[in-house]
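Asks: Before I ask anything, let me first share the structure, which is written out below as structure tokens.
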Amino acid sequence: MWWLLWLLAALLVLFCSLDVWYFLRVAAVVLRAWFQPQIRDITAEQTLTGRVSPQDIDMCHMNNARYLRECDFARFSLYIRNGVFKGLRALKASMVVGATTIRYRRALCIGEGFELRSRIVTWDDKAFYLEQRFVSTKDGLVCAVMYCKQSIIRSSPDKIMQHLCKRKVDCPEFPEDLQHWVNFISASSQALRAESGLEEKSK
């Protein structure tokens, strides 16, 4: 009987100190992607399906933060299936999210099904740029669209592409709206560096 109490106490501490459901969901997404067919086209769109559950809602529609959380899971699946994670391991590199922006067009309501369509749009010398769309299965409307800058550490997107494709790969052109966003990120970064005095120190 005492071991059961200790187990319950340990589980209580675990759930209070960590977002256990997040890590369980990551494990489920990774395992599923691992056993799915690999996709050779790095820029191919991949789709995950979902449905708004009671855990996701805020005033009967999906909470704003849940969209970003779902995008995390979709990127894990994307990078496993298109080989980017494999390239990172081989080159002893890593990646972090450098910036995101999301536009909400219509709420996803409780019980509503959706498709999360993710793709690598293009890249530069430091980061991959992704687009992720939430499409309602009810009527096909794009309910939200997100851009993500996925920065590469200790390597570069070009090196990852060369490792995966065994040749030099030219990056696709930046769409106009994405280029505007990238320019905004650059301007914001320069302004913050100037504000903190980093630009003067680097001269």
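Residues in the structure tokens are named by chain (A, B, ... in the order shown) and by number from 1 within that chain; ligands are numbered from 1 in the order shown.
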Just asking: which residues within region 65-149 of chain A are alpha helix (DSSP H) according to DSSP, as a list in words?

Replies: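 Put together, the selection reads Ala65, Arg66, Tyr67, Leu68, Arg69, Glu70, Cys71, Asp72, Phe73, Ala74, Arg75, Phe76, Ser77, Leu78, Tyr79, Ile80, Arg81, Asn82, Val84, Phe85, Lys86, Gly87, Leu88, Arg89 and Ala90 of chain A.
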
Asks: Can you pull out every residue within 10 Å of region 18-34 of chain A, counting only C-alpha atoms, but drop anything in the same chain fewer than 2 positions away, and send it as a list in words?

Replies: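 Once the nearby chain positions are removed, what remains is Leu11, Val13, Leu14, Phe15, Cys16, Gln36, Pro37, Gln38, Leu48, Arg69, Glu70, Asp72, Phe73, Ala74, Arg75, Phe76, Ser77, Leu78, Tyr79, Ile80, Arg81 and Asn82 of chain A.
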
Asks: Counting only C-alpha atoms, which residues in region 80-163 of chain A sit no more than 10 Å from region 175-189 of chain A? For each one, give the nearest pair of atoms and the distance in Å, sorted by chain then residue number, as a tab-separated table.

Replies:
residue	atom	partner	partner_atom	distance
A:Gly98	CA	A:Ile185	CA	9.4
A:Ala99	CA	A:Ile185	CA	7.8
A:Thr100	CA	A:Trp181	CA	9.6
A:Thr101	CA	A:Trp181	CA	8.6
A:Val121	CA	A:Pro175	CA	8.4
A:Thr122	CA	A:Pro175	CA	8.9
A:Tyr129	CA	A:Leu178	CA	8.5
A:Leu130	CA	A:Leu178	CA	9.5
A:Glu131	CA	A:Leu178	CA	9.2
A:Tyr147	CA	A:Leu178	CA	7.8
A:Cys148	CA	A:Leu178	CA	9.9
A:Lys149	CA	A:Val182	CA	8.6

Asks: Now that the selection is made, can you save its residues with C-alpha atoms as a PDB file, in the first residue's frame?

Replies:
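Final file, result_31.pdb:
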ATOM      1  CA  GLY A  98      14.664  32.504 -33.967  1.00  0.00           C
ATOM      2  CA  ALA A  99      11.319  34.156 -34.651  1.00  0.00           C
ATOM      3  CA  THR A 100       7.669  33.389 -35.327  1.00  0.00           C
ATOM      4  CA  THR A 101       4.677  35.363 -36.421  1.00  0.00           C
ATOM      5  CA  VAL A 121       9.644  27.697 -47.962  1.00  0.00           C
ATOM      6  CA  THR A 122      13.284  28.700 -48.378  1.00  0.00           C
ATOM      7  CA  TYR A 129      12.000  29.643 -43.103  1.00  0.00           C
ATOM      8  CA  LEU A 130       8.785  27.685 -42.722  1.00  0.00           C
ATOM      9  CA  GLU A 131       5.109  28.287 -43.359  1.00  0.00           C
ATOM     10  CA  TYR A 147       5.904  31.894 -40.409  1.00  0.00           C
ATOM     11  CA  CYS A 148       8.822  30.460 -38.466  1.00  0.00           C
ATOM     12  CA  LYS A 149      12.529  31.251 -38.649  1.00  0.00           C
TER      13      LYS A 149
END

Asks: With a distance cut-off of 12 Å and only C-alpha atoms, select the neighbouring residues of Pro54 (chain A), excluding the residue or stretch itself and same-chain residues fewer than 6 positions from it, and output the selection as a ChimeraX atom specification.

Replies: /A:60-63,66,109-112

Asks: If we count only C-alpha atoms and set the cut-off at 7 Å, which residues sit around region 85-97 of chain A, ignoring sequence neighbours fewer than 2 positions away in its own chain? Please answer as a ChimeraX atom specification.

Replies: /A:79-80,83,99,149-155,160,163-164

Asks: Based on DSSP run over this structure's backbone, return all residues of region 39-182 of chain A in strand (DSSP E or B), as JSON, numbers by chain.

Replies: {"A": [46, 47, 48, 49, 50, 51, 57, 58, 61, 62, 94, 95, 96, 97, 98, 99, 100, 101, 102, 103, 104, 109, 113, 114, 115, 116, 117, 118, 119, 120, 121, 122, 123, 127, 128, 129, 130, 131, 132, 133, 134, 135, 136, 142, 143, 144, 145, 146, 147, 148, 149, 150, 151, 152, 153]}

Asks: Check the smallest atom-to-atom distance from each of A:Met161, A:Leu5, A:Ile102, A:Leu68 to Asp125 (chain A) using only C-alpha atoms, then report the winner.

Replies: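 Answer, going by the shortest atom-to-atom distance: A:Met161.
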
Asks: Using only C-alpha atoms, tabulate the residues of region 37-132 of chain A lying at most 10 Å from any atom of region 140-144 of chain A, each with its closest atom pair and that distance in Å to one decimal, by chain and increasing residue number, as a Markdown table.

Replies:
| residue | atom | partner | partner_atom | distance |
| --- | --- | --- | --- | --- |
| A:Tyr67 | CA | A:Ala144 | CA | 8.4 |
| A:Ile102 | CA | A:Ala144 | CA | 7.0 |
| A:Arg103 | CA | A:Ala144 | CA | 5.5 |
| A:Tyr104 | CA | A:Ala144 | CA | 4.5 |
| A:Arg105 | CA | A:Cys143 | CA | 4.9 |
| A:Arg106 | CA | A:Cys143 | CA | 4.7 |
| A:Ala107 | CA | A:Cys143 | CA | 6.5 |
| A:Leu108 | CA | A:Cys143 | CA | 7.0 |
| A:Phe114 | CA | A:Gly140 | CA | 8.7 |
| A:Glu115 | CA | A:Gly140 | CA | 9.0 |
| A:Leu116 | CA | A:Ala144 | CA | 9.5 |
| A:Gln132 | CA | A:Ala144 | CA | 8.4 |
